[in-house]
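> What follows is the file my_file_1.cif, containing mmCIF, C-alpha atoms:
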```cif
data_coords
loop_
_atom_site.label_atom_id
_atom_site.label_comp_id
_atom_site.auth_asym_id
_atom_site.auth_seq_id
_atom_site.Cartn_x
_atom_site.Cartn_y
_atom_site.Cartn_z
CA MET V 19 -9.00 -19.75 -3.71
CA PHE V 20 -8.89 -21.71 -0.48
CA HIS V 21 -6.66 -21.14 2.50
CA ALA V 22 -6.52 -22.65 5.96
CA ASP V 23 -4.37 -21.84 8.93
CA ARG V 24 -4.11 -22.78 12.56
CA PHE V 25 -2.02 -21.07 15.24
CA SER V 26 -0.93 -22.20 18.68
CA PHE V 27 1.16 -20.60 21.41
CA LYS V 28 3.01 -23.20 23.47
CA GLY V 29 0.33 -25.70 22.57
CA ILE V 30 -2.62 -23.35 23.28
CA ASP V 31 -4.90 -22.74 20.27
CA ILE V 32 -5.08 -19.08 19.19
CA ASN V 33 -8.06 -17.91 17.12
CA LYS V 34 -8.15 -14.13 17.51
CA ASN V 35 -5.86 -11.32 16.26
CA THR V 36 -3.77 -13.79 14.25
CA PRO V 37 -1.76 -12.89 11.12
CA GLY V 38 -2.60 -14.15 7.66
CA LEU V 39 -0.56 -15.57 4.84
CA ARG V 40 0.32 -13.16 2.05
CA SER V 41 -1.40 -15.46 -0.45
CA ASP V 42 -4.37 -17.82 -0.62
CA GLY V 43 -4.06 -21.42 -1.71
CA PHE V 44 -1.92 -22.66 1.19
CA SER V 45 -2.52 -24.38 4.51
CA LEU V 46 -0.35 -24.13 7.61
CA PHE V 47 -0.06 -24.98 11.29
CA LEU V 48 2.25 -22.85 13.43
CA ASP V 49 2.93 -23.62 17.10
CA VAL V 50 5.33 -21.08 18.63
CA TYR V 51 7.58 -21.52 21.67
CA GLY V 52 10.30 -19.28 23.08
CA LEU V 53 8.29 -16.03 23.35
CA GLU V 54 7.26 -14.36 26.60
CA THR V 55 3.64 -15.23 27.40
CA LYS V 56 2.78 -11.91 29.08
CA GLU V 57 3.95 -9.79 26.15
CA ASN V 58 2.54 -11.91 23.32
CA LEU V 59 -0.64 -13.59 24.58
CA ALA V 60 -3.81 -11.79 25.72
CA LEU V 61 -5.28 -12.46 29.16
CA ASN V 62 -8.07 -14.64 27.71
CA ARG V 63 -5.40 -16.96 26.25
CA SER V 64 -7.25 -17.16 22.90
CA ALA V 65 -5.86 -14.02 21.23
CA LEU V 66 -2.46 -12.57 20.45
CA THR V 67 -1.42 -9.13 21.62
CA SER V 68 -0.33 -6.60 18.99
CA ARG V 69 3.27 -7.52 19.70
CA GLY V 70 2.43 -11.21 19.51
CA LYS V 71 0.81 -10.74 16.14
CA ARG V 72 3.93 -8.99 14.83
CA GLU V 73 6.16 -11.77 16.16
CA PHE V 74 3.96 -14.48 14.62
CA LEU V 75 3.91 -12.61 11.31
CA LYS V 76 7.72 -12.44 11.22
CA LEU V 77 7.94 -16.18 11.83
CA LEU V 78 5.19 -16.85 9.32
CA ASP V 79 6.98 -14.90 6.59
CA GLU V 80 10.29 -16.57 7.42
CA TYR V 81 8.91 -20.11 7.20
CA PHE V 82 6.77 -19.33 4.17
CA ASN V 83 9.83 -18.00 2.32
CA ILE V 84 11.72 -21.17 3.25
CA TYR V 85 8.98 -23.20 1.59
CA ILE V 86 8.92 -20.95 -1.50
CA ASP V 87 12.71 -21.08 -1.86
CA PHE V 88 12.68 -24.87 -1.50
CA MET V 89 10.07 -25.21 -4.23
CA LEU V 90 11.99 -22.84 -6.50
CA GLU V 91 15.16 -24.86 -6.11
CA TYR V 92 13.21 -28.01 -6.88
CA LEU V 93 11.56 -26.53 -10.00
CA ILE V 94 14.86 -25.16 -11.30
CA ASN V 95 17.06 -28.18 -10.67
CA ALA V 96 14.78 -31.22 -10.90
CA LYS V 97 14.10 -30.65 -14.58
CA GLU V 98 12.81 -34.13 -15.28
CA GLU V 99 10.50 -34.08 -12.32
CA LYS V 100 9.20 -30.52 -12.32
CA LYS V 101 6.74 -31.19 -15.12
CA LYS V 102 5.30 -34.07 -13.12
CA VAL V 103 4.95 -31.77 -10.13
CA SER V 104 3.32 -29.00 -12.14
CA GLN V 105 0.80 -31.43 -13.61
CA THR V 106 -0.54 -32.54 -10.23
CA ASN V 107 -3.62 -31.00 -8.66
CA LYS V 108 -1.61 -30.15 -5.54
CA PHE V 109 0.77 -27.79 -7.34
CA GLN V 110 -0.82 -24.91 -9.22
CA PRO V 111 1.66 -22.58 -10.99
CA TYR V 112 -0.64 -19.55 -10.81
CA ILE V 113 -1.15 -19.84 -7.04
CA PHE V 114 2.59 -20.39 -6.59
CA TRP V 115 3.43 -17.28 -8.65
CA LEU V 116 0.95 -15.21 -6.63
CA ALA V 117 2.65 -16.31 -3.42
CA CYS V 118 6.17 -15.33 -4.54
CA ASN V 119 7.69 -11.93 -3.87
CA SER V 120 9.21 -9.97 -6.77
CA GLU V 121 12.65 -11.61 -6.51
CA GLN V 122 11.19 -15.09 -6.19
CA CYS V 123 8.92 -14.53 -9.21
CA LYS V 124 11.95 -13.90 -11.41
CA LYS V 125 13.31 -17.37 -10.58
CA ILE V 126 10.26 -19.38 -11.66
CA PRO V 127 11.11 -21.27 -14.89
CA GLN V 128 9.28 -19.88 -17.91
CA ASP V 129 7.96 -23.27 -18.97
CA ILE V 130 6.19 -23.52 -15.60
CA LEU V 131 4.63 -20.07 -16.06
CA GLN V 132 3.44 -20.98 -19.53
CA GLU V 133 1.25 -23.67 -18.01
CA ILE V 134 -0.95 -21.01 -16.37
CA SER V 135 -4.29 -21.10 -18.15
CA ALA V 136 -6.16 -18.42 -16.16
CA GLN V 137 -7.53 -15.25 -17.80
CA THR V 138 -7.35 -11.78 -16.32
CA THR V 139 -9.42 -8.63 -16.88
CA ILE V 140 -7.77 -5.45 -18.12
CA ILE V 141 -9.01 -2.08 -19.34
CA THR V 142 -7.30 -0.56 -22.34
CA GLN V 143 -8.10 1.64 -25.33
CA ASN V 144 -9.66 0.17 -28.47
CA VAL V 145 -8.96 1.38 -32.01
CA ASP V 146 -11.15 4.48 -31.64
CA GLY V 147 -9.43 5.53 -28.40
CA HIS V 148 -12.18 4.55 -25.98
CA TYR V 149 -11.41 2.55 -22.86
CA VAL V 150 -13.05 -0.87 -22.81
CA GLN V 151 -12.88 -4.06 -20.79
CA LYS V 152 -10.83 -6.88 -22.33
CA PHE V 153 -9.43 -10.24 -21.32
CA LEU V 154 -5.80 -11.32 -21.36
CA PRO V 155 -4.11 -14.64 -20.53
CA VAL V 156 -2.33 -14.30 -17.18
CA ARG V 157 0.83 -15.86 -18.66
CA GLU V 158 1.06 -12.86 -21.04
CA PHE V 159 0.53 -10.46 -18.14
CA ILE V 160 3.09 -11.91 -15.74
CA ASN V 161 6.30 -10.73 -17.39
CA SER V 162 4.99 -7.16 -17.73
CA PHE V 163 3.49 -6.89 -14.23
CA THR V 164 5.15 -3.55 -13.42
CA GLU V 165 4.22 -2.06 -16.82
CA PHE V 166 0.50 -2.04 -16.01
CA GLN V 167 -1.46 0.50 -14.01
CA TYR V 168 -3.66 -0.58 -11.11
CA LEU V 169 -6.59 1.10 -9.41
CA ASN V 170 -8.69 1.06 -6.25
CA LEU V 171 -11.03 -1.71 -7.40
CA ARG V 172 -12.75 -1.94 -4.03
CA ASN V 173 -14.31 1.46 -4.70
CA PHE V 174 -16.10 -0.08 -7.68
CA GLU V 175 -17.39 -3.28 -6.13
CA THR V 176 -21.08 -4.09 -6.57
CA PHE V 177 -22.98 -6.71 -4.61
CA SER V 178 -25.90 -8.53 -6.15
CA SER V 179 -25.80 -12.31 -5.98
CA GLU V 180 -22.01 -12.11 -5.73
CA ARG V 181 -19.23 -9.53 -5.56
CA GLN V 182 -18.52 -7.96 -8.95
CA ILE V 183 -16.65 -4.97 -10.38
CA ASP V 184 -18.46 -2.10 -12.12
CA TYR V 185 -16.20 -1.93 -15.19
CA VAL V 186 -18.62 0.37 -17.03
CA SER V 187 -18.22 3.12 -14.41
CA ILE V 188 -14.44 2.80 -14.52
CA CYS V 189 -14.39 3.12 -18.31
CA ASN V 190 -16.71 6.13 -18.21
CA ILE V 191 -14.44 7.98 -15.78
CA LEU V 192 -11.34 7.17 -17.85
CA ASN V 193 -13.03 8.24 -21.11
CA ASN V 194 -14.00 11.58 -19.56
CA ALA V 195 -10.61 12.21 -17.93
CA ASP V 196 -8.52 12.85 -21.05
CA VAL V 197 -5.90 10.23 -20.17
CA GLY V 198 -4.41 8.10 -22.92
CA GLY V 199 -2.22 5.08 -23.40
CA LEU V 200 -3.15 3.31 -20.17
CA LYS V 201 -3.15 -0.45 -19.63
CA ILE V 202 -4.97 -1.11 -16.39
CA SER V 203 -5.23 -4.37 -14.50
CA CYS V 204 -8.77 -4.82 -13.14
CA ASP V 205 -8.30 -8.20 -11.52
CA GLN V 206 -8.86 -8.35 -7.75
CA THR V 207 -6.30 -11.11 -7.27
CA LEU V 208 -3.59 -9.31 -9.23
CA THR V 209 -4.44 -6.00 -7.58
CA ALA V 210 -3.86 -7.66 -4.20
CA LYS V 211 -0.46 -8.86 -5.45
CA SER V 212 0.40 -5.32 -6.57
CA HIS V 213 0.10 -4.26 -2.92
CA LEU V 214 3.23 -6.30 -2.16
CA LEU V 215 5.31 -3.94 -4.34
CA TRP V 216 6.19 -0.30 -3.74
CA THR V 217 3.88 2.31 -5.24
CA LYS V 218 5.78 4.28 -7.87
CA THR V 219 3.29 6.75 -9.37
CA LEU V 220 -0.13 7.95 -8.26
CA GLN V 221 -2.81 9.65 -10.32
CA ILE V 222 -6.20 10.75 -8.96
CA LEU V 223 -9.17 10.94 -11.34
CA LYS V 224 -12.51 12.30 -10.18
CA GLY V 225 -15.88 11.28 -11.56
CA ASP V 226 -18.93 9.79 -9.88
CA LYS V 227 -16.32 8.00 -7.79
CA VAL V 228 -12.62 8.69 -7.25
CA VAL V 229 -10.17 6.53 -9.24
CA LEU V 230 -6.70 6.06 -7.79
CA LEU V 231 -4.42 4.96 -10.63
CA TYR V 232 -0.97 3.74 -9.64
CA THR V 233 2.05 1.82 -10.87
CA VAL V 234 4.38 -0.35 -8.82
CA THR V 235 8.07 -1.23 -8.58
CA ASP V 236 10.27 -3.58 -6.57
CA GLN V 237 12.69 -0.74 -5.74
CA LYS V 238 12.38 -0.21 -1.98
CA ASP V 239 13.78 3.35 -1.88
CA THR V 240 11.07 4.62 -4.25
CA LEU V 241 9.05 7.68 -3.29
CA LEU V 242 5.84 8.59 -5.08
CA GLN V 243 6.15 10.41 -8.38
CA VAL V 244 3.16 12.76 -8.63
CA GLU V 245 1.98 15.66 -10.76
CA GLU V 246 1.17 19.01 -9.12
CA SER V 247 -2.55 18.21 -8.80
CA GLU V 248 -1.88 14.98 -6.91
CA LYS V 249 0.84 16.67 -4.87
CA SER V 250 -1.71 19.24 -3.72
CA VAL V 251 -4.05 16.46 -2.60
CA LEU V 252 -1.27 14.83 -0.59
CA LEU V 253 -0.24 18.12 1.02
CA LYS V 254 -3.82 18.79 2.09
CA GLY V 255 -3.71 15.33 3.66
CA LEU V 256 -1.30 16.66 6.29
CA SER V 257 -4.31 18.07 8.15
CA ASN V 258 -7.23 15.95 6.91
CA TYR V 259 -8.01 12.58 5.39
CA ILE V 260 -7.41 11.99 1.67
CA PRO V 261 -10.61 10.86 -0.12
CA ALA V 262 -10.67 7.30 -1.52
CA ILE V 263 -7.69 6.22 0.62
CA ASP V 264 -8.19 3.91 3.60
CA TYR V 265 -6.65 4.76 6.96
CA ASN V 266 -5.50 2.92 10.03
CA GLY V 267 -5.63 4.67 13.38
CA PRO V 268 -7.27 4.80 16.80
CA TYR V 269 -10.17 6.99 15.68
CA TRP V 270 -13.69 5.98 14.74
CA ASN V 271 -14.01 9.13 12.63
CA ILE V 272 -10.84 9.60 10.62
CA ARG V 273 -11.76 13.23 9.97
CA ASN V 274 -11.06 13.95 13.63
CA ALA V 275 -7.60 12.41 13.79
CA LYS V 276 -5.20 14.40 15.94
CA ARG V 277 -2.27 13.97 13.52
CA TYR V 278 -1.96 12.47 10.03
CA ALA V 279 0.70 10.79 7.97
CA ILE V 280 0.74 10.97 4.17
CA PRO V 281 2.40 8.85 1.45
CA ALA V 282 5.97 10.10 1.00
CA PHE V 283 6.56 11.77 -2.38
CA GLU V 284 9.69 12.83 -4.25
CA GLY V 285 11.69 15.71 -2.87
CA TYR V 286 11.32 14.64 0.77
CA HIS V 287 13.51 11.55 1.14
CA VAL V 288 14.91 12.62 4.52
CA LEU V 289 11.38 12.81 5.98
CA ALA V 290 10.32 9.37 4.72
CA VAL V 291 9.86 6.67 7.37
CA ASP V 292 8.46 3.14 7.31
CA ASN V 293 7.08 3.06 10.85
CA VAL V 294 4.56 5.54 12.24
CA PRO V 295 3.89 5.84 16.00
CA TYR V 296 0.54 4.68 17.36
CA GLY V 297 -2.08 7.42 17.52
CA ILE V 298 -1.39 8.86 14.05
CA ALA V 299 -3.84 8.28 11.19
CA VAL V 300 -1.92 6.28 8.57
CA PRO V 301 -2.96 5.84 4.90
CA ILE V 302 -3.00 2.11 4.12
CA GLY V 303 -3.89 -0.22 1.27
CA LEU V 304 -0.89 0.53 -0.94
CA LYS V 305 2.77 0.04 -0.09
CA TRP V 306 4.63 3.32 0.37
CA HIS V 307 6.83 5.19 2.81
CA TYR V 308 5.30 7.85 5.05
CA ILE V 309 5.75 11.50 5.98
CA ILE V 310 4.42 12.35 9.43
CA ALA V 311 2.64 15.72 9.58
CA PRO V 312 4.70 18.37 11.42
CA PHE V 313 1.60 19.63 13.24
CA VAL V 314 -1.57 18.40 14.91
CA ARG V 315 -5.02 19.34 13.64
CA GLU V 316 -5.49 22.29 16.03
CA GLU V 317 -2.14 23.78 15.03
CA ALA V 318 -3.02 23.49 11.33
CA GLU V 319 -6.24 25.41 11.97
CA LEU V 320 -4.21 28.47 13.06
CA ARG V 321 -2.82 28.88 9.54
CA ASN V 322 -5.55 31.32 8.42
CA LYS V 323 -4.57 33.73 11.18
CA LEU V 324 -0.83 33.78 10.52
CA SER V 325 1.62 34.68 7.78
CA LYS V 326 3.55 31.83 6.19
CA THR V 327 6.74 32.76 8.04
CA ILE V 328 5.07 33.04 11.45
CA PHE V 329 3.08 29.85 10.88
CA ALA V 330 6.23 27.86 10.11
CA GLU V 331 8.16 29.38 13.01
CA GLN V 332 5.35 28.68 15.46
CA ILE V 333 5.04 25.03 14.39
CA MET V 334 8.79 24.44 14.48
CA SER V 335 9.22 25.93 17.97
CA THR V 336 6.98 23.42 19.76
CA THR V 337 8.29 20.58 21.92
CA THR V 338 6.28 18.04 19.92
CA PHE V 339 7.97 19.18 16.71
CA LEU V 340 11.40 18.76 18.27
CA ASN V 341 10.37 15.26 19.37
CA LEU V 342 9.24 14.56 15.80
CA ILE V 343 12.67 15.63 14.49
CA ASP V 344 14.27 13.11 16.87
CA TYR V 345 11.90 10.35 15.75
CA VAL V 346 12.45 10.95 12.03
CA PHE V 347 16.21 11.17 12.59
CA GLN V 348 16.12 7.69 14.12
CA ASN V 349 13.75 6.19 11.52
CA THR V 350 14.37 7.91 8.17
CA ILE V 351 14.95 5.66 5.15
CA ARG V 352 17.76 8.01 4.06
CA SER V 353 20.66 6.87 6.20
CA GLY V 354 23.19 9.55 7.09
CA SER V 355 20.62 12.35 7.21
CA THR V 356 21.22 15.03 9.82
CA LYS V 357 18.71 16.74 12.09
CA ASP V 358 19.43 20.03 10.34
CA GLU V 359 18.50 18.45 6.99
CA ILE V 360 15.29 17.04 8.46
CA ARG V 361 14.39 20.40 9.99
CA ALA V 362 15.05 22.23 6.70
CA SER V 363 12.97 19.70 4.78
CA TYR V 364 10.08 20.06 7.23
CA LYS V 365 10.27 23.85 6.87
CA GLN V 366 9.93 23.45 3.11
CA LEU V 367 7.01 21.05 3.58
CA ILE V 368 5.19 23.43 5.94
CA GLU V 369 5.60 26.30 3.48
CA GLU V 370 4.37 24.15 0.59
CA TYR V 371 1.38 23.13 2.69
CA TYR V 372 0.64 26.77 3.50
CA ASP V 373 0.79 27.84 -0.16
CA THR V 374 -1.34 24.88 -1.29
CA MET V 375 -4.08 25.53 1.25
CA ARG V 376 -4.08 29.27 0.47
CA ALA V 377 -4.39 28.59 -3.29
CA PHE V 378 -7.18 26.07 -2.69
CA GLU V 379 -9.16 28.49 -0.51
CA GLU V 380 -8.75 31.34 -3.00
CA LYS V 381 -9.99 29.06 -5.79
CA GLU V 382 -13.02 28.01 -3.74
CA SER V 383 -13.70 31.64 -2.84
CA GLY V 384 -13.61 32.55 -6.52
CA LYS V 385 -16.18 29.87 -7.31
CA ALA V 386 -18.47 31.18 -4.57
CA ASN V 387 -18.35 34.68 -6.02
#
```
Mind turning the file's structure into structure tokens?

Amino acid sequence: MFHADRFSFKGIDINKNTPGLRSDGFSLFLDVYGLETKENLALNRSALTSRGKREFLKLLDEYFNIYIDFMLEYLINAKEEKKKVSQTNKFQPYIFWLACNSEQCKKIPQDILQEISAQTTIITQNVDGHYVQKFLPVREFINSFTEFQYLNLRNFETFSSERQIDYVSICNILNNADVGGLKISCDQTLTAKSHLLWTKTLQILKGDKVVLLYTVTDQKDTLLQVEESEKSVLLKGLSNYIPAIDYNGPYWNIRNAKRYAIPAFEGYHVLAVDNVPYGIAVPIGLKWHYIIAPFVREEAELRNKLSKTIFAEQIMSTTTFLNLIDYVFQNTIRSGSTKDEIRASYKQLIEEYYDTMRAFEEKESGKAN
């Protein structure tokens, strides 16, 4: 799919560190006035600052939603004309659906959606229970978007003459993982759209490569629902990177990050935040809330030398921990939470982390013996 965009700041062309549309298939020109030059434009005058990029993105989303809402009103109300619009080369129902957020998607007339002729790739079980690659019309997929599982397709990309997905490897891992009843979208375009919704469940399957299976929802207050095995992986991520998950942070080697954040999972609503301070390694790629680790890497390394009680007390007595309590109190998604509740929840998290790491090390020690 094509896309084209052009950005200017007070008439000056900007071509570096610019935001992108949330969907391909659209062209735009945005010239912004009314923002402070020093705070939003880099010294070379050809790039936005980080703040400028955020400001442009907010405006971009606002104007893009105005366009989407206008088109929705037109499609809903101009019943005689909408078919003429949908039959032109300039309006493509599939591209329009991809560009809509979850609430906007619900408003698209069904007869418009039925005009979508594209096919999508899924993986599901055949009659003998084996996972195989199949094809499904997109118009049959659309109304059950949140009923499908998705996975980290990028981990299974192959490059020969063009970018392709190794569906055979995915099926082999699923067939050896003793998981049943899954319907998995394996379409790169639809996977990208799934990233606009909140991640609801997460399952980690290990084979030659790691498969991250997840489902999505449009419910913003959702925290990850995970089994104990996945919960252990997330808890270990408080002091190290989580395999097969991408990170954003100021470190070339993510294994040496000073402090980590992890996807927020059920049981820790008061700790969940949407914004993480600069300098912390943040798991990206999927849409979720975050829990900021209560300790830095060096503090976590002291765990082996301390009892669980002493370890928790030592972490929670530091100035940086008290500052973290203040930050979470100001940014938690659970409005009305108190600092005492946040502190108690962090104490529980630290103790769970301690027990998880101890169990993991004892298991590894048993294998070695």
> Neighbours of Ser355 of chain V within 12 Å (all atoms listed in the file; same-chain residues fewer than 6 positions away dropped), as a list in words?
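Contacts, with the query itself left out: Tyr286, His287, Val288, Leu289, Ala290, Ile343, Asp344, Val346, Phe347, Gln348, Asn349, Arg361, Ala362 and Ser363 of chain V.
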> Quote the spacing between atom CA of Thr219 of chain V and atom CA of Val234 of chain V in Å to one decimal place.
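So the answer is 7.2 Å.
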> Where does the PyMOL selection byres ((chain V and resi 298) around 10) land in this file, that is, which residues does it pick, as a list of chain:residue names?
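Against this file, the PyMOL selection byres ((chain V and resi 298) around 10) returns the residues V:Tyr265, V:Asn266, V:Gly267, V:Pro268, V:Tyr269, V:Ala275, V:Lys276, V:Arg277, V:Tyr278, V:Ala279, V:Val294, V:Pro295, V:Tyr296, V:Gly297, V:Ala299, V:Val300, V:Pro301, V:Ile310, V:Ala311, V:Val314.
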> Could you check how far atom CA of Leu66 of chain V sits from atom CA of Thr36 of chain V, in Å to one decimal?
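Here the two named atoms are 6.5 Å from each other.
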> With a distance cut-off of 12 Å and all atoms listed in the file, select the neighbouring residues of segment 148-154 of chain V, excluding the residue or stretch itself and same-chain residues fewer than 5 positions from it, and output the selection as an NGL selection string.
:V and (134-143 or 159-160 or 183-205)
> Expanded to explicit residues, what is the PyMOL selection byres ((chain V and resi 377-381) around 12) for this file, as an mmCIF file with C-alpha atoms, in the coordinates of the input?

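Saved the output as part-v1.cif:
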```cif
data_model
loop_
_atom_site.group_PDB
_atom_site.id
_atom_site.type_symbol
_atom_site.label_atom_id
_atom_site.label_comp_id
_atom_site.auth_asym_id
_atom_site.auth_seq_id
_atom_site.Cartn_x
_atom_site.Cartn_y
_atom_site.Cartn_z
ATOM 1 C CA SER V 247 -2.550 18.210 -8.800
ATOM 2 C CA SER V 250 -1.710 19.240 -3.720
ATOM 3 C CA VAL V 251 -4.050 16.460 -2.600
ATOM 4 C CA LEU V 253 -0.240 18.120 1.020
ATOM 5 C CA LYS V 254 -3.820 18.790 2.090
ATOM 6 C CA ARG V 321 -2.820 28.880 9.540
ATOM 7 C CA ASN V 322 -5.550 31.320 8.420
ATOM 8 C CA GLU V 370 4.370 24.150 0.590
ATOM 9 C CA TYR V 371 1.380 23.130 2.690
ATOM 10 C CA TYR V 372 0.640 26.770 3.500
ATOM 11 C CA ASP V 373 0.790 27.840 -0.160
ATOM 12 C CA THR V 374 -1.340 24.880 -1.290
ATOM 13 C CA MET V 375 -4.080 25.530 1.250
ATOM 14 C CA ARG V 376 -4.080 29.270 0.470
ATOM 15 C CA GLU V 382 -13.020 28.010 -3.740
ATOM 16 C CA SER V 383 -13.700 31.640 -2.840
ATOM 17 C CA GLY V 384 -13.610 32.550 -6.520
ATOM 18 C CA LYS V 385 -16.180 29.870 -7.310
ATOM 19 C CA ALA V 386 -18.470 31.180 -4.570
ATOM 20 C CA ASN V 387 -18.350 34.680 -6.020
#
```
> Between atom CA of Ala330 of chain V and atom CA of Arg273 of chain V, measure the distance and give it in Å to one decimal.
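Computing it gives 23.2 Å between the two atoms.
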> Extract, using all atoms listed in the file, all DNA, RNA and protein residues at most 6 Å from Tyr232 of chain V, discarding same-chain residues fewer than 3 positions from it, and format them as a list in words.
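Here the answer would be Gln167, Tyr168, Thr219 and Leu220 of chain V.
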> Counting all atoms listed in the file, which residue out of V:Ile280, V:Cys123, V:Val145, V:Leu320 sits closest to Asn161 of chain V?
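The answer is V:Cys123, which sits nearest to Asn161 of chain V.
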> Selection in question (the file shown): the PyMOL selection byres ((chain V and resi 53) around 12). Which residues does it include, as a list of chain:residue names?
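Residues picked by the PyMOL selection byres ((chain V and resi 53) around 12): V:Phe27, V:Lys28, V:Asp49, V:Val50, V:Tyr51, V:Gly52, V:Glu54, V:Thr55, V:Lys56, V:Glu57, V:Asn58, V:Leu59, V:Leu66, V:Arg69, V:Gly70, V:Lys71, V:Arg72, V:Glu73, V:Phe74, V:Leu77.
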> I'd like the contact shell of Ala210 of chain V - 12 Å cut-off, only C-alpha atoms, skipping same-chain residues fewer than 5 positions apart - returned as JSON, numbers by chain.
{"V": [40, 41, 42, 116, 117, 168, 169, 170, 171, 172, 203, 204, 205, 215, 234, 303, 304, 305]}
> May I ask which of the residues V:Phe163, V:Tyr112, V:Gly354, V:Ile222 is the closest one to Thr209 of chain V, counting only C-alpha atoms?
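Closest to Thr209 of chain V of all the choices is V:Phe163.
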> Of the candidates V:Ala262, V:Leu48, V:Leu252, V:Leu367, which shows the shortest atom-to-atom distance to Gly225 of chain V, using all atoms listed in the file?
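Between V:Ala262, V:Leu48, V:Leu252, V:Leu367, the residue approaching Gly225 of chain V most closely is V:Ala262.
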> Which polymer residues have any atom within 9 Å of an atom of Lys218 of chain V, counting only C-alpha atoms, with same-chain residues fewer than 4 positions away left out, as number ranges by chain?
V: 232-235, 237, 240-244, 306
